[in-house]
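Student: Have a look at this one.
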Amino acid sequence: MTMQTRVFIVHMLPGPASHFFARASAAGMMTEGYVWIVTDNVGIVLDVLPQHTIENMQGVVGFRPYVANSARIIDFMSRFDARFRAKYHQAHDVRMARPTVFQFWAYDVAWTVATAVEKVKRVGFSNIGFQTPQDVGKNLVNGLLASPVGPGILSSILEADFDGLAGRFRFVDRHLHVPIYEVVNVIGEKARGLGFWSPGSGLLRLLNSSTTQVQDKSIVTAGKILKPVIWPGDSTTVPKGWDFPVNAKILRIGVPVRHEFKFFVNVEANHNTNGSRVSGYSIDIFEAAVNKLPYALRYEYIPYDCANSYDQLISQVYYKKFDAAVGDVTIIANRSRYVDFTMPYTESGVSMLVLAKNDDETTMWIFLEPLTKDLWIATVFFIFFTGLVVWMIENPKNKKFQGSKWKQFSTAFYFAFSTLTFSHDQIIKKLHSKVVVVIWCFVVLVLVQSYTASLSSLLTAQRLQPSVTDPRQLLRNGDYVGYQNGSFVQAMLRRLRFDERKIKVISTLEEYAKALKAGSKNGGVSAIFDENPYLNSFIAQYGKEFQIVGPIDRTDGFGFVFPRGSPLVPDLSKAILNITEGCEGFQIQKKWFGDATPSPDYGSPDANSVRLSLRSFKGLFIVNGFALCVMLVINLPEFVRANCTELRNLSLQRAQSSGEIASDSEPQQLQNNNAAPVEPLQIERETN
């Protein structure tokens, strides 16, 4: 009982076991937290032990060979009970009239010996009795010599293999073979079956069920296969198997007495017990971690008023006045020189708490903000590309896309730009052009709808921005800043070169809000520097009127304090990691802080969250670009052929025009030669 172990395996005969469990019960070791497992020596007789012994063995788990119920068993038990009662006349406990597997085996052994003797007789040994010795020697047993047919009888017994009263009766390596064991649990006046175990199949709930057979013993536990166990002390909770020795002292755990931020640690007077009741987020995390330890941990909370200086609390652990400290204690390098910390159970970092301002003033270029620069460039490129492809397809046959070069350019790109507002008229004729326009209009539809939604969000949503985004801004302006009373953040502000006269101590949540709303010019502060867990709890209570900017400095978060070299630190750290990574940690956080609290940020994410980037529409542009390239390749030969033919016809027309002018000028010249002379003034007028 003075040891740490709480799991015991009892391997002894039934008589000594009865006395043993009586002593264990008197010592208080048959209570919750203990595990007692008995081997088949005791498990076989659990149904026939005296009533006072069974009362001392409540919750014991045992094993016994499984005997299937049959007509032969029922007949044997009836005859056994009748002979037992006739012989003892109820002088003994009625429970002892029940036969056990010992009696079944004895019955089968008798048949085995008789069968072996008959077998020996059949091979020619008529006299199988013991021989009287002529002289006394070392081989005498009760005055008789060994039987000469002994080895033959022994060989026949070891070769026995038949269906006995207790099942298949045979020997393996000179031991009676037990194929299946039954797992039982002592509850009330008898042992209740929990399941079965066999060397080949492992644990089974039912013998005729293949679905309960253990396939991978490394991952399937007894609790998932067997029926529920009632442990000592009528407990259904699986014991941890370990506990601190009864002669070990109870751990004295110091908890800080907080006057504010009672979300983490809250100490209240308990008038019923003249003590204190401790609660809070840190306390719940610690107790949840203790429950996950593979052993029990005995402790008591000792409230300690450290005057808001946690260094004093840590010194109490260092000087062994406390065995540990549980609370919102920040892990920093200076403290780690004197004590050990568990793994942090909160996020880390020091940030600024500032007043949020509503930035509703819009700029004249706000219509450009819904789309990022790369998306604007891609949209303009595809507008020109689409107009070029449509012009190339329609130019050979469609007169709307013919004429002077300026007319062709303006028509093509006016058509492409008009698709943005779906105001283009029906001037295209070819099927390929219609395919290009339909695909492009679908892209435009998605772009326009997304642009409209994004612009509406930018114009109508309340855009909260932090009033301060950088500590250097506070230093330049000479603003007042604050920190929580007793926090190590004061040293950090000195490192940032804030003037001592500009640093204010703030103690309560109401003072946080009041000081920030007043501002530096009205006796308040422009920013409060504190650890993220405190700031998140403040935001959860006061809403989005304030914002967190940061982190400004790095810390390791909150942890539990233990003396240097404490063996509890690694075990609790593993337990904390399991809690914070699972749903249990989230439920504890939600209990004390509501829904998920906001995380620190350097600014409002609203403006960036509604902007549309090229990445969101990359698939659409790829499909549209592929369609344009395909149509370009298909119609390029026709476009080149049509333009070559037009150029050739134009050249011929120019050549013909030059020949006609030359032939018409000769007769006119001859006629002019035969005519009367013309005066110079007349010639000049005609020339003009």
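Residue numbering restarts at 1 in every chain; chains get A, B, ... in the order shown in the structure tokens, and ligands count up from 1 in that same order.
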Name the residues of stretch 480-534 of chain A that fall into strand (DSSP E or B) according to DSSP on the backbone, using the chain letters and numbers of this document, as a list in words.
Tutor: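 Restricting stretch 480-534 of chain A to strand (DSSP E or B) produces Val481, Gly482, Tyr483, Gln484, Ile503, Lys504, Val505, Ile506, Ala527, Ile528, Phe529, Asp530 and Glu531 of chain A.
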Student: Using only C-alpha atoms, determine which residues lie at most 12 Å from stretch 41-53 of chain A, disregarding the query and same-chain residues fewer than 3 positions distant; provide the list as number ranges by chain.
Tutor: A: 9-25, 36-38, 56-58, 60-67, 92-105, 181-193
Student: Looking at only C-alpha atoms, which of A:Tyr107, A:Phe626, A:Tyr34, A:Trp197 is the one that sits closest to A:Ile225?
Tutor: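 Using only C-alpha atoms, A:Ile225 sits closest to A:Trp197.
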